[in-house]
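The file target_34.cif comes next; it holds mmCIF, C-alpha atoms.
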```
data_query
loop_
_atom_site.label_atom_id
_atom_site.label_comp_id
_atom_site.auth_asym_id
_atom_site.auth_seq_id
_atom_site.Cartn_x
_atom_site.Cartn_y
_atom_site.Cartn_z
CA MET R 17 16.96 10.99 12.90
CA PHE R 18 14.23 10.41 10.29
CA ASN R 19 14.95 9.63 6.66
CA LEU R 20 12.09 11.47 4.98
CA PRO R 21 12.47 12.92 1.48
CA ALA R 22 12.06 16.70 1.25
CA SER R 23 11.81 17.10 5.01
CA GLU R 24 13.31 19.68 7.34
CA ILE R 25 13.87 19.13 11.06
CA VAL R 26 13.52 21.94 13.56
CA ASN R 27 15.13 21.40 17.00
CA PRO R 28 17.00 18.21 16.02
CA ASP R 29 19.27 18.48 19.07
CA ASN R 30 16.28 17.82 21.35
CA TYR R 31 15.66 14.40 19.81
CA LYS R 32 14.53 11.58 22.12
CA ALA R 33 13.97 7.97 21.12
CA VAL R 34 10.63 7.30 19.42
CA SER R 35 8.72 4.29 20.73
CA LYS R 36 5.78 4.34 18.31
CA ILE R 37 4.15 6.35 15.53
CA SER R 38 0.56 7.56 15.76
CA ILE R 39 -1.88 9.79 13.89
CA ASP R 40 -4.49 9.59 16.69
CA SER R 41 -4.10 12.23 19.38
CA ARG R 42 -6.03 9.99 21.80
CA LYS R 43 -3.42 7.24 21.54
CA ILE R 44 -0.27 9.14 22.41
CA ASP R 45 2.18 7.70 24.93
CA LYS R 46 5.49 8.99 26.15
CA GLY R 47 7.95 8.74 23.27
CA SER R 48 5.36 8.78 20.46
CA LEU R 49 5.95 10.43 17.10
CA PHE R 50 2.73 12.21 16.13
CA ILE R 51 1.96 12.74 12.44
CA ALA R 52 -0.62 15.51 11.98
CA ILE R 53 -2.87 14.13 9.24
CA LYS R 54 -5.66 16.30 7.88
CA GLY R 55 -8.75 14.15 7.31
CA GLU R 56 -12.35 14.77 6.28
CA ARG R 57 -13.50 15.54 9.82
CA PHE R 58 -10.37 16.40 11.80
CA ASP R 59 -7.08 18.16 11.24
CA GLY R 60 -4.27 16.66 13.31
CA HIS R 61 -2.55 20.05 13.44
CA ASN R 62 -5.28 21.17 15.86
CA PHE R 63 -4.05 18.57 18.38
CA VAL R 64 -0.28 19.14 18.22
CA ARG R 65 -0.04 20.97 21.55
CA GLU R 66 -2.25 18.39 23.23
CA VAL R 67 -0.07 15.46 22.13
CA ILE R 68 3.06 17.22 23.35
CA LYS R 69 1.47 17.57 26.79
CA ASN R 70 0.73 13.84 26.68
CA GLY R 71 4.35 12.90 26.02
CA ALA R 72 4.95 13.02 22.26
CA SER R 73 8.70 13.27 21.64
CA ALA R 74 8.41 14.67 18.08
CA VAL R 75 5.76 15.80 15.60
CA VAL R 76 5.44 15.78 11.82
CA ILE R 77 3.53 18.77 10.44
CA GLU R 78 3.05 20.48 7.09
CA ARG R 79 5.33 23.42 6.30
CA LYS R 80 2.44 25.78 5.69
CA LYS R 81 1.29 25.24 9.30
CA TYR R 82 4.66 25.86 10.96
CA SER R 83 4.01 29.53 11.80
CA GLN R 84 1.61 28.31 14.53
CA PHE R 85 4.30 26.19 16.19
CA ARG R 86 7.53 28.21 16.14
CA ASP R 87 7.63 28.18 19.95
CA LEU R 88 7.84 24.38 20.25
CA ASP R 89 11.06 22.99 21.70
CA ILE R 90 10.70 19.33 20.66
CA PRO R 91 11.79 18.14 17.20
CA VAL R 92 9.35 19.33 14.54
CA ILE R 93 9.62 17.61 11.15
CA LEU R 94 8.35 19.80 8.32
CA VAL R 95 7.00 18.18 5.16
CA ASP R 96 4.85 19.23 2.22
CA LYS R 97 2.14 16.62 2.91
CA THR R 98 1.89 14.62 6.12
CA VAL R 99 0.01 11.80 4.36
CA ASP R 100 2.98 11.33 2.03
CA ALA R 101 5.33 11.42 5.03
CA LEU R 102 3.34 8.60 6.65
CA GLY R 103 3.69 6.50 3.50
CA GLY R 104 7.39 7.32 3.24
CA LEU R 105 8.10 6.28 6.82
CA ALA R 106 6.17 3.03 6.28
CA LYS R 107 8.15 2.24 3.12
CA VAL R 108 11.44 2.75 4.96
CA TRP R 109 10.27 0.57 7.86
CA ARG R 110 9.03 -2.14 5.48
CA SER R 111 12.55 -2.42 4.04
CA LYS R 112 13.91 -3.13 7.53
CA LEU R 113 11.37 -5.82 8.48
CA ASN R 114 12.23 -9.51 8.42
CA ALA R 115 8.59 -10.53 7.91
CA LYS R 116 7.17 -12.00 4.73
CA VAL R 117 4.39 -9.70 3.51
CA VAL R 118 1.09 -11.17 2.30
CA SER R 119 -1.16 -8.61 0.57
CA ILE R 120 -4.85 -9.15 -0.19
CA THR R 121 -7.36 -7.23 -2.28
CA GLY R 122 -10.55 -8.05 -4.19
CA SER R 123 -14.12 -6.88 -4.69
CA ALA R 124 -15.56 -9.00 -1.89
CA GLY R 125 -14.23 -11.05 1.00
CA LYS R 126 -11.03 -9.07 1.60
CA THR R 127 -11.42 -8.61 5.34
CA THR R 128 -12.69 -12.13 6.02
CA THR R 129 -9.92 -13.66 3.89
CA LYS R 130 -7.32 -11.51 5.64
CA ASP R 131 -8.59 -12.63 9.04
CA ILE R 132 -8.62 -16.30 8.00
CA ILE R 133 -5.05 -16.02 6.68
CA GLY R 134 -4.00 -14.44 9.96
CA THR R 135 -5.61 -17.23 11.98
CA LEU R 136 -4.13 -20.03 9.86
CA LEU R 137 -0.60 -18.61 9.72
CA SER R 138 -0.59 -18.00 13.48
CA GLU R 139 -0.48 -21.78 13.87
CA LYS R 140 3.11 -21.68 12.58
CA TYR R 141 4.38 -18.08 12.54
CA LYS R 142 4.38 -14.91 14.63
CA THR R 143 1.82 -13.07 12.54
CA LYS R 144 0.54 -9.49 12.46
CA LYS R 145 -2.41 -8.42 10.32
CA THR R 146 -4.44 -5.36 9.37
CA SER R 147 -6.79 -4.37 12.18
CA GLY R 148 -10.42 -4.37 11.04
CA ASN R 149 -10.56 -3.02 7.51
CA ASN R 150 -7.94 -0.26 7.82
CA ASN R 151 -6.99 -0.88 4.22
CA ASN R 152 -6.53 2.53 2.59
CA HIS R 153 -3.62 4.90 1.96
CA ILE R 154 -3.48 5.62 5.69
CA GLY R 155 -4.39 2.22 7.16
CA VAL R 156 -1.82 0.21 5.19
CA PRO R 157 1.16 2.39 6.24
CA LEU R 158 -0.01 2.38 9.87
CA THR R 159 -0.23 -1.42 9.89
CA ILE R 160 3.30 -1.68 8.49
CA LEU R 161 4.57 0.77 11.11
CA SER R 162 2.94 -1.30 13.87
CA ALA R 163 5.00 -4.39 12.93
CA ASP R 164 8.25 -5.20 14.69
CA LYS R 165 11.34 -7.09 13.65
CA ASN R 166 10.21 -10.22 15.49
CA ASP R 167 7.11 -10.60 13.31
CA GLU R 168 7.50 -13.42 10.80
CA VAL R 169 4.48 -12.67 8.59
CA LEU R 170 2.64 -9.40 7.98
CA VAL R 171 -0.85 -9.75 6.44
CA LEU R 172 -2.11 -6.58 4.76
CA GLU R 173 -5.52 -5.76 3.31
CA HIS R 174 -5.59 -3.28 0.41
CA GLY R 175 -8.80 -1.44 -0.41
CA THR R 176 -9.63 1.14 -3.06
CA ASN R 177 -12.35 3.38 -4.40
CA HIS R 178 -10.32 5.20 -7.06
CA PHE R 179 -7.66 4.40 -9.61
CA GLY R 180 -4.11 4.38 -8.30
CA GLU R 181 -4.81 3.71 -4.62
CA ILE R 182 -3.71 0.06 -4.66
CA ASP R 183 -0.62 0.87 -6.71
CA TYR R 184 0.31 3.42 -4.02
CA THR R 185 -0.19 1.09 -1.04
CA ALA R 186 1.34 -1.92 -2.83
CA ASN R 187 4.52 0.02 -3.55
CA ILE R 188 4.77 0.79 0.15
CA ALA R 189 4.04 -2.82 1.16
CA GLN R 190 6.31 -4.54 -1.41
CA PRO R 191 4.44 -7.88 -1.07
CA ASP R 192 6.10 -11.29 -1.17
CA TYR R 193 2.69 -12.93 -1.74
CA ALA R 194 -0.28 -11.24 -3.45
CA LEU R 195 -3.86 -12.52 -3.50
CA ILE R 196 -6.91 -11.11 -5.30
CA THR R 197 -10.10 -12.74 -3.99
CA ASN R 198 -12.30 -11.89 -7.00
CA ILE R 199 -13.29 -9.19 -9.48
CA GLY R 200 -16.82 -7.94 -8.93
CA THR R 201 -19.00 -4.86 -9.04
CA SER R 202 -17.96 -2.91 -5.94
CA HIS R 203 -17.09 0.78 -6.43
CA LEU R 204 -18.30 0.88 -10.04
CA ALA R 205 -19.25 4.52 -9.46
CA PHE R 206 -15.50 5.24 -9.35
CA LEU R 207 -13.95 2.35 -11.33
CA LYS R 208 -16.57 2.42 -14.14
CA ASN R 209 -16.86 -1.31 -14.98
CA LYS R 210 -15.36 -4.72 -14.19
CA ARG R 211 -12.42 -4.07 -16.50
CA GLY R 212 -11.72 -0.95 -14.49
CA VAL R 213 -11.94 -2.97 -11.28
CA LEU R 214 -9.52 -5.53 -12.74
CA LYS R 215 -7.08 -2.81 -13.78
CA GLU R 216 -7.05 -1.30 -10.29
CA LYS R 217 -6.88 -4.60 -8.38
CA LYS R 218 -4.28 -6.11 -10.72
CA SER R 219 -1.82 -3.40 -9.77
CA LEU R 220 -1.21 -5.46 -6.61
CA PHE R 221 -0.01 -8.31 -8.84
CA ASP R 222 2.04 -5.92 -10.98
CA VAL R 223 4.02 -4.61 -8.00
CA THR R 224 4.51 -8.12 -6.58
CA ALA R 225 5.64 -9.61 -9.90
CA LYS R 226 8.29 -6.90 -10.29
CA ARG R 227 9.99 -8.27 -7.17
CA ASP R 228 9.50 -11.94 -8.16
CA GLY R 229 6.85 -12.52 -5.52
CA THR R 230 4.17 -15.22 -5.58
CA LEU R 231 0.78 -14.50 -7.20
CA LEU R 232 -2.20 -16.47 -5.86
CA ILE R 233 -4.85 -16.52 -8.57
CA ASN R 234 -8.54 -17.45 -8.34
CA GLU R 235 -9.07 -20.03 -11.11
CA ASP R 236 -12.86 -19.70 -10.75
CA ASP R 237 -12.83 -15.99 -11.65
CA ASN R 238 -13.03 -15.54 -15.42
CA LEU R 239 -11.29 -12.17 -15.33
CA LEU R 240 -8.44 -13.36 -13.11
CA LYS R 241 -7.73 -16.87 -14.37
CA ASN R 242 -5.72 -15.71 -17.39
CA VAL R 243 -3.73 -13.00 -15.62
CA TYR R 244 0.07 -13.50 -15.83
CA PRO R 245 -0.34 -16.90 -17.61
CA ASP R 246 3.41 -17.51 -18.03
CA TYR R 247 4.61 -16.08 -14.73
CA LYS R 248 6.89 -18.55 -12.93
CA ASN R 249 5.61 -17.86 -9.39
CA ARG R 250 1.94 -18.30 -10.26
CA VAL R 251 -0.28 -20.48 -8.03
CA THR R 252 -3.97 -21.09 -8.72
CA PHE R 253 -6.80 -22.07 -6.41
CA GLY R 254 -10.48 -22.87 -6.95
CA SER R 255 -12.99 -25.62 -7.64
CA GLU R 256 -11.67 -26.32 -11.15
CA GLN R 257 -9.65 -29.51 -11.65
CA THR R 258 -6.91 -27.44 -13.29
CA ALA R 259 -6.31 -25.44 -10.08
CA ASP R 260 -3.13 -26.14 -8.11
CA ILE R 261 -5.09 -26.01 -4.84
CA LYS R 262 -8.60 -27.41 -5.14
CA GLY R 263 -11.55 -27.21 -2.78
CA LYS R 264 -15.26 -27.92 -2.73
CA ILE R 265 -18.24 -28.18 -0.41
CA LEU R 266 -19.32 -31.81 -0.03
CA SER R 267 -22.53 -31.28 1.96
CA TYR R 268 -24.43 -28.93 4.29
CA SER R 269 -25.74 -29.51 7.79
CA GLU R 270 -29.34 -28.61 8.62
CA ASP R 271 -28.25 -25.22 9.97
CA GLY R 272 -26.35 -24.42 6.76
CA LYS R 273 -22.76 -25.14 7.79
CA PRO R 274 -20.65 -26.89 5.13
CA PHE R 275 -18.53 -30.05 5.21
CA VAL R 276 -15.60 -29.35 2.89
CA GLU R 277 -12.65 -30.89 1.07
CA LEU R 278 -9.23 -29.45 0.18
CA ARG R 279 -6.67 -31.06 -2.14
CA TYR R 280 -3.07 -30.04 -2.73
CA LYS R 281 -0.12 -32.03 -4.07
CA GLY R 282 -1.83 -35.39 -3.59
CA LYS R 283 -3.00 -34.67 -0.05
CA THR R 284 -6.67 -34.37 0.93
CA ILE R 285 -8.18 -32.61 3.93
CA LYS R 286 -11.85 -33.15 4.82
CA ALA R 287 -13.38 -31.21 7.70
CA HIS R 288 -16.43 -29.45 9.09
CA PHE R 289 -16.19 -25.72 8.38
CA ASN R 290 -17.57 -23.49 11.12
CA LEU R 291 -18.24 -20.40 8.97
CA TYR R 292 -21.49 -20.03 7.06
CA GLY R 293 -21.97 -19.51 3.35
CA GLU R 294 -20.33 -20.60 0.11
CA GLN R 295 -18.57 -17.23 -0.11
CA ASN R 296 -16.87 -17.86 3.23
CA PHE R 297 -15.61 -21.21 1.97
CA LYS R 298 -14.23 -19.45 -1.11
CA ASN R 299 -12.52 -16.99 1.24
CA PHE R 300 -11.10 -19.93 3.19
CA LEU R 301 -9.86 -21.66 0.04
CA ALA R 302 -8.02 -18.48 -0.94
CA ALA R 303 -6.52 -18.25 2.55
CA ALA R 304 -5.56 -21.93 2.55
CA SER R 305 -3.65 -21.42 -0.69
CA VAL R 306 -1.49 -18.86 1.11
CA ALA R 307 -1.07 -21.22 4.06
CA PHE R 308 0.02 -24.11 1.83
CA LYS R 309 2.56 -21.92 0.02
CA LEU R 310 3.97 -20.77 3.34
CA GLY R 311 4.54 -24.37 4.39
CA LEU R 312 1.68 -25.15 6.77
CA ASN R 313 0.90 -28.86 7.12
CA GLU R 314 -2.46 -30.61 7.46
CA LYS R 315 -2.43 -30.51 11.28
CA GLU R 316 -1.70 -26.77 11.33
CA ILE R 317 -4.43 -25.96 8.82
CA LEU R 318 -6.99 -28.05 10.71
CA GLY R 319 -5.92 -26.38 13.94
CA GLY R 320 -6.47 -22.97 12.41
CA MET R 321 -9.84 -24.00 10.95
CA LYS R 322 -11.17 -24.80 14.42
CA LYS R 323 -10.38 -21.25 15.57
CA LEU R 324 -12.16 -19.41 12.75
CA SER R 325 -14.99 -17.02 13.49
CA SER R 326 -16.87 -14.52 11.33
CA PRO R 327 -15.85 -10.86 11.58
CA ASP R 328 -18.48 -8.57 13.06
CA LYS R 329 -21.53 -8.04 10.82
CA ARG R 330 -20.22 -10.41 8.14
CA LEU R 331 -22.43 -13.49 7.81
CA ASN R 332 -22.81 -13.71 11.59
CA VAL R 333 -25.45 -16.37 12.24
CA SER R 334 -27.23 -16.37 15.61
CA GLU R 335 -29.78 -19.05 16.46
CA TYR R 336 -32.39 -18.19 19.09
CA SER R 337 -35.20 -20.32 20.50
CA ASP R 338 -37.72 -19.53 17.79
CA PHE R 339 -35.84 -17.72 15.00
CA LEU R 340 -32.44 -17.47 13.33
CA LEU R 341 -30.70 -14.22 12.33
CA ILE R 342 -28.08 -13.80 9.59
CA ASP R 343 -26.42 -10.44 10.27
CA ASP R 344 -24.51 -9.54 7.10
CA THR R 345 -24.90 -5.81 7.48
CA TYR R 346 -21.30 -4.64 7.07
CA ASN R 347 -21.60 -3.97 3.35
CA ALA R 348 -23.18 -5.22 0.13
CA ASN R 349 -22.59 -5.59 -3.58
CA PRO R 350 -24.39 -7.86 -6.08
CA GLU R 351 -21.97 -10.77 -5.57
CA SER R 352 -22.12 -10.77 -1.77
CA MET R 353 -25.89 -10.20 -1.81
CA LYS R 354 -26.33 -13.28 -4.02
CA SER R 355 -24.12 -15.34 -1.71
CA SER R 356 -26.06 -14.26 1.39
CA LEU R 357 -29.43 -15.02 -0.19
CA GLU R 358 -28.14 -18.46 -1.21
CA LEU R 359 -27.11 -19.11 2.40
CA LEU R 360 -30.59 -18.14 3.59
CA GLY R 361 -32.00 -20.61 1.08
CA LYS R 362 -29.83 -23.45 2.44
CA ILE R 363 -30.88 -23.07 6.09
CA ASN R 364 -33.58 -25.63 6.86
CA LEU R 365 -34.00 -25.19 10.62
CA PHE R 366 -36.95 -22.85 10.07
CA THR R 367 -39.62 -23.08 7.39
CA LYS R 368 -40.12 -19.36 6.75
CA LYS R 369 -37.31 -17.33 5.20
CA ILE R 370 -37.29 -13.53 5.36
CA ALA R 371 -34.84 -11.09 3.74
CA ILE R 372 -34.58 -7.47 4.93
CA LEU R 373 -32.55 -5.68 2.27
CA GLY R 374 -31.14 -2.17 1.89
CA ASP R 375 -29.64 -0.40 -1.09
CA MET R 376 -26.35 -1.49 -2.66
CA LEU R 377 -24.37 1.72 -3.17
CA GLU R 378 -21.60 2.88 -5.53
CA LEU R 379 -22.71 0.69 -8.47
CA GLY R 380 -22.68 3.41 -11.10
CA ASN R 381 -25.04 3.67 -14.06
CA SER R 382 -26.20 0.03 -13.85
CA GLU R 383 -27.28 0.20 -10.20
CA LEU R 384 -31.00 -0.30 -10.86
CA LEU R 385 -30.36 -3.34 -13.05
CA TYR R 386 -28.27 -4.93 -10.30
CA HIS R 387 -31.05 -4.38 -7.75
CA LYS R 388 -33.75 -5.69 -10.08
CA GLY R 389 -31.62 -8.74 -10.85
CA LEU R 390 -31.81 -9.95 -7.25
CA ALA R 391 -35.41 -11.07 -7.87
CA SER R 392 -34.28 -14.19 -9.72
CA VAL R 393 -31.90 -15.10 -6.87
CA ILE R 394 -34.69 -14.65 -4.32
CA LYS R 395 -37.07 -16.82 -6.35
CA LYS R 396 -34.48 -19.54 -6.96
CA ASN R 397 -33.67 -19.80 -3.25
CA ARG R 398 -37.33 -19.89 -2.19
CA ILE R 399 -37.22 -16.80 0.02
CA ASN R 400 -40.79 -16.37 1.31
CA THR R 401 -40.87 -12.69 2.21
CA VAL R 402 -38.72 -9.67 1.35
CA TYR R 403 -38.75 -6.28 3.08
CA THR R 404 -36.80 -3.52 1.32
CA ILE R 405 -35.65 0.01 2.13
CA GLY R 406 -33.89 2.62 0.00
CA ASN R 407 -34.56 4.36 -3.31
CA ARG R 408 -32.72 1.71 -5.33
CA MET R 409 -34.40 -1.26 -3.66
CA LYS R 410 -37.78 0.04 -4.82
CA VAL R 411 -37.12 -1.50 -8.26
CA LEU R 412 -36.52 -4.89 -6.62
CA ASN R 413 -39.79 -4.58 -4.74
CA GLU R 414 -41.62 -3.83 -8.00
CA GLU R 415 -40.05 -6.87 -9.66
CA LEU R 416 -40.98 -9.12 -6.71
CA VAL R 417 -44.58 -7.94 -6.95
CA ARG R 418 -44.58 -9.02 -10.62
CA GLU R 419 -43.15 -12.41 -9.58
CA GLY R 420 -45.86 -12.88 -6.95
CA ILE R 421 -43.42 -12.98 -4.03
CA GLU R 422 -44.62 -11.52 -0.72
CA CYS R 423 -42.86 -8.19 -0.21
CA LYS R 424 -43.15 -4.72 1.24
CA HIS R 425 -41.10 -1.57 0.54
CA PHE R 426 -40.44 1.03 3.23
CA LEU R 427 -39.71 4.69 2.58
CA GLN R 428 -38.71 5.59 6.14
CA ARG R 429 -36.32 3.89 8.57
CA ASP R 430 -38.65 4.52 11.51
CA THR R 431 -41.52 2.78 9.72
CA LEU R 432 -39.44 -0.34 9.04
CA SER R 433 -38.10 -0.35 12.61
CA GLU R 434 -41.62 -0.19 14.04
CA PHE R 435 -42.81 -2.89 11.62
CA ILE R 436 -40.05 -5.26 12.81
CA ARG R 437 -40.86 -4.57 16.46
CA LYS R 438 -44.58 -5.27 16.03
CA ASN R 439 -44.47 -8.32 13.76
CA ASP R 440 -44.01 -11.91 14.89
CA LEU R 441 -40.79 -13.38 13.44
CA SER R 442 -41.01 -16.73 15.20
CA GLY R 443 -40.35 -19.76 13.03
CA SER R 444 -38.24 -17.69 10.62
CA ALA R 445 -34.69 -17.51 9.33
CA ILE R 446 -33.99 -13.82 8.70
CA LEU R 447 -31.26 -12.19 6.61
CA VAL R 448 -30.42 -8.50 7.10
CA LYS R 449 -28.08 -6.98 4.51
CA GLY R 450 -27.27 -3.72 2.72
CA SER R 451 -24.44 -1.32 2.02
CA ARG R 452 -22.56 0.36 4.85
CA GLY R 453 -24.27 3.68 4.23
CA MET R 454 -27.69 2.09 4.83
CA ARG R 455 -26.91 1.32 8.51
CA MET R 456 -28.73 -2.02 8.29
CA GLU R 457 -27.14 -3.18 11.56
CA GLU R 458 -29.73 -1.04 13.38
CA PHE R 459 -32.47 -3.36 12.12
CA ALA R 460 -30.46 -6.43 13.15
CA ILE R 461 -30.25 -5.00 16.68
CA ILE R 462 -34.04 -4.63 16.81
CA ILE R 463 -34.46 -8.26 15.72
CA ARG R 464 -32.05 -9.45 18.42
CA GLU R 465 -34.11 -7.61 21.02
CA LYS R 466 -37.07 -9.86 20.14
CA LYS R 467 -35.29 -12.98 21.41
#
```
Could you rewrite the structure in this file as C-alpha cells?
Amino acid sequence: MFNLPASEIVNPDNYKAVSKISIDSRKIDKGSLFIAIKGERFDGHNFVREVIKNGASAVVIERKKYSQFRDLDIPVILVDKTVDALGGLAKVWRSKLNAKVVSITGSAGKTTTKDIIGTLLSEKYKTKKTSGNNNNHIGVPLTILSADKNDEVLVLEHGTNHFGEIDYTANIAQPDYALITNIGTSHLAFLKNKRGVLKEKKSLFDVTAKRDGTLLINEDDNLLKNVYPDYKNRVTFGSEQTADIKGKILSYSEDGKPFVELRYKGKTIKAHFNLYGEQNFKNFLAAASVAFKLGLNEKEILGGMKKLSSPDKRLNVSEYSDFLLIDDTYNANPESMKSSLELLGKINLFTKKIAILGDMLELGNSELLYHKGLASVIKKNRINTVYTIGNRMKVLNEELVREGIECKHFLQRDTLSEFIRKNDLSGSAILVKGSRGMRMEEFAIIIREKK
C-alpha cells in the first residue's frame, strides 16, 4: 500500500484509495491520507479522530502515540518520525513524476525568482511551483506530493536556517536544474559567515551535479562564479560579458521602472520590465536563464514578462494621488535593504524621499555593523528622511545624526504608528522595510489608509 522504510501498517485490509496527502486537519477531504506532524504550535496527533470523521482514509502516526488509537479501524501507518515519513513519501513520488524539476535557493530573491520562473515556463509547459515560500523540510515534500504525472515542470524553492536542511530537501527533490540566486548575509546567526552560507546553499548544486543536472550560476556573485568551473552542464548568467546569458538595465522611467536588455546565443531581447528595482531585474535574469535552457523562445519570454507581478510585500509599489508607497516589508537583509533604498533613490515622481526601516534580524555578531553601514547607502541615494524602529536600528539612527541626515528613532510601535497617522506624507515617496519579525507591514497599512 505505502512503501515507507521502517513502517508498520495496522488494518491494511481496510485500505481505500488515497486521493491526496495532507498534514493540515482543516484541509481533509474524503480519501485523504493524513500525516500527523508535530510542529512548534500544534501536534497533528491531536486531530487524528477529527480527520477520520471528515473522511480521511488512512493516517500516518508515530509509534509512541499508537496506544491512543488502538480502536481505529482505518489503516494506521506507524513510523518513528512522521516528518521523515513525509520526506520519504515525497522522494518515492518524485521518482514517479515525469516533470523536470527546477530547484532554487539563495540568500535573497528566492521566492520572487521562483514565481518569475513559474510564470515564464507556463508560456510553454504545464508548470507547478512552490506555493508562497513553503520552502523548508515540510514545504518542499508537500509541493512534490501536490504534483501529478501530467505536470511537465515542477519549480521548487529551497530555504534554510541551519546546516544540512538544503541537502535534505535537495535529495528529496533530485533536481534536473539548480539555481542559486546569490550568496549574502541572511541567517548568519545560524550559518556563521558567507562561507557558511555558500557551503549550505551549494549543497543544492552538489546533489544536482551527482545526477548530471544543469547548474545555473550567477556570474556576478564573487562566491558563486568559480563554483564547479569544469562541470560540463554549467550555465552562467549576469551582467558580465563572459556570462552565457547576459542582461542589463538600459534606462529607468520617471516612476523607477526599468527598460532592459537580454542577450543569449546571438539573440537580443529589449523590453519594458514591469517590476521595480535592480534586484528584481537580477531575479528575472536568473529566471530567464532557466527559461532559455528549457527551450523558451523570444515570443514566449516576452509573453511571460507581460504577466509578471510582485509577490505580496516584496517591492510592491503603489502610487496614490499625492504620495508613493514601496511596500517591501516581507523580510530584510543588508543586500535587499541596499537594493530597496537604491530603488527609492531612483524614483523621481516625488521630490521628498522617506525610509521607514526596522531591524534586520539573524545577522549574528556583525549585526550592528550591517545596520550602521546602511548610512552610506542612504546618503548616496539622497534619502531625505529616515524613521527607524528596533534595538539594532538605533545605531543607524546615531550614524545618520552624525551625517546630518534628518532622522528619528522610535522605541515603541505605538509611537511610530501615531507619528505616521499625524504627519503629512504628501509629496513623498516612502519605503517601508524590515525583517519579518518586525511586522513592518502594519506601518505600510497605516500609510495606505492616508490615501
Proximity check stretch 197-294 of chain R to stretch 166-189 of chain R, 9 Å, nearest pairs one decimal Å, all atoms listed in the file, as a tab-separated table:
```
residue	atom	partner	partner_atom	distance
R:Ser202	CA	R:Asn177	CA	8.6
R:His203	CA	R:Asn177	CA	5.8
R:Leu204	CA	R:Asn177	CA	8.6
R:Ala205	CA	R:Asn177	CA	8.6
R:Phe206	CA	R:His178	CA	5.7
R:Leu207	CA	R:His178	CA	6.3
R:Gly212	CA	R:Phe179	CA	8.3
R:Val213	CA	R:Phe179	CA	8.7
R:Lys215	CA	R:Phe179	CA	8.3
R:Glu216	CA	R:Phe179	CA	5.8
R:Lys217	CA	R:Ile182	CA	6.8
R:Lys218	CA	R:Ile182	CA	8.7
R:Ser219	CA	R:Asp183	CA	5.4
R:Leu220	CA	R:Ala186	CA	5.8
R:Phe221	CA	R:Ala186	CA	8.9
R:Asp222	CA	R:Asp183	CA	8.5
R:Val223	CA	R:Ala186	CA	6.4
R:Thr224	CA	R:Ala186	CA	7.9
```
message: Taking the file as I've supplied it (selection: the PyMOL selection byres ((chain R and resi 58-65) around 8)), which residues are included? Please answer as an MDAnalysis selection string.
response: chainID R and resid 39:41 50:57 66:69 75 77 81
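Between R:Phe289 and the residues R:Ile132, R:Leu324, R:Leu231, R:Met409, the shortest atom-to-atom distance, using only C-alpha atoms, involves R:Leu324.
The residue that comes closest to R:Glu294, out of R:Glu358, R:Asp271, R:Glu351, R:Glu419 and on the basis of only C-alpha atoms, is R:Glu358.
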task: Select, from R:Ser325, R:Thr127, R:Ser305, R:Ser267, the residue with the minimum atom-to-atom distance to R:His288, counting all atoms listed in the file.
output: R:Ser267
- request: Write out as a PyMOL selection string the residues lying within 9 Å of R:Lys281, counting only C-alpha atoms and excluding same-chain residues fewer than 2 positions away.
  value: chain R and resi 260-261+279+283-284
message: Taking 4 positions as the minimum chain separation for residues in the same chain, which residues sit within 12 Å of R:Phe300 when counting all atoms listed in the file? Answer as an MDAnalysis selection string.
response: chainID R and resid 125:136 197 253:254 261:265 274 276:278 289:296 304:308 317:318 320:321 324:326
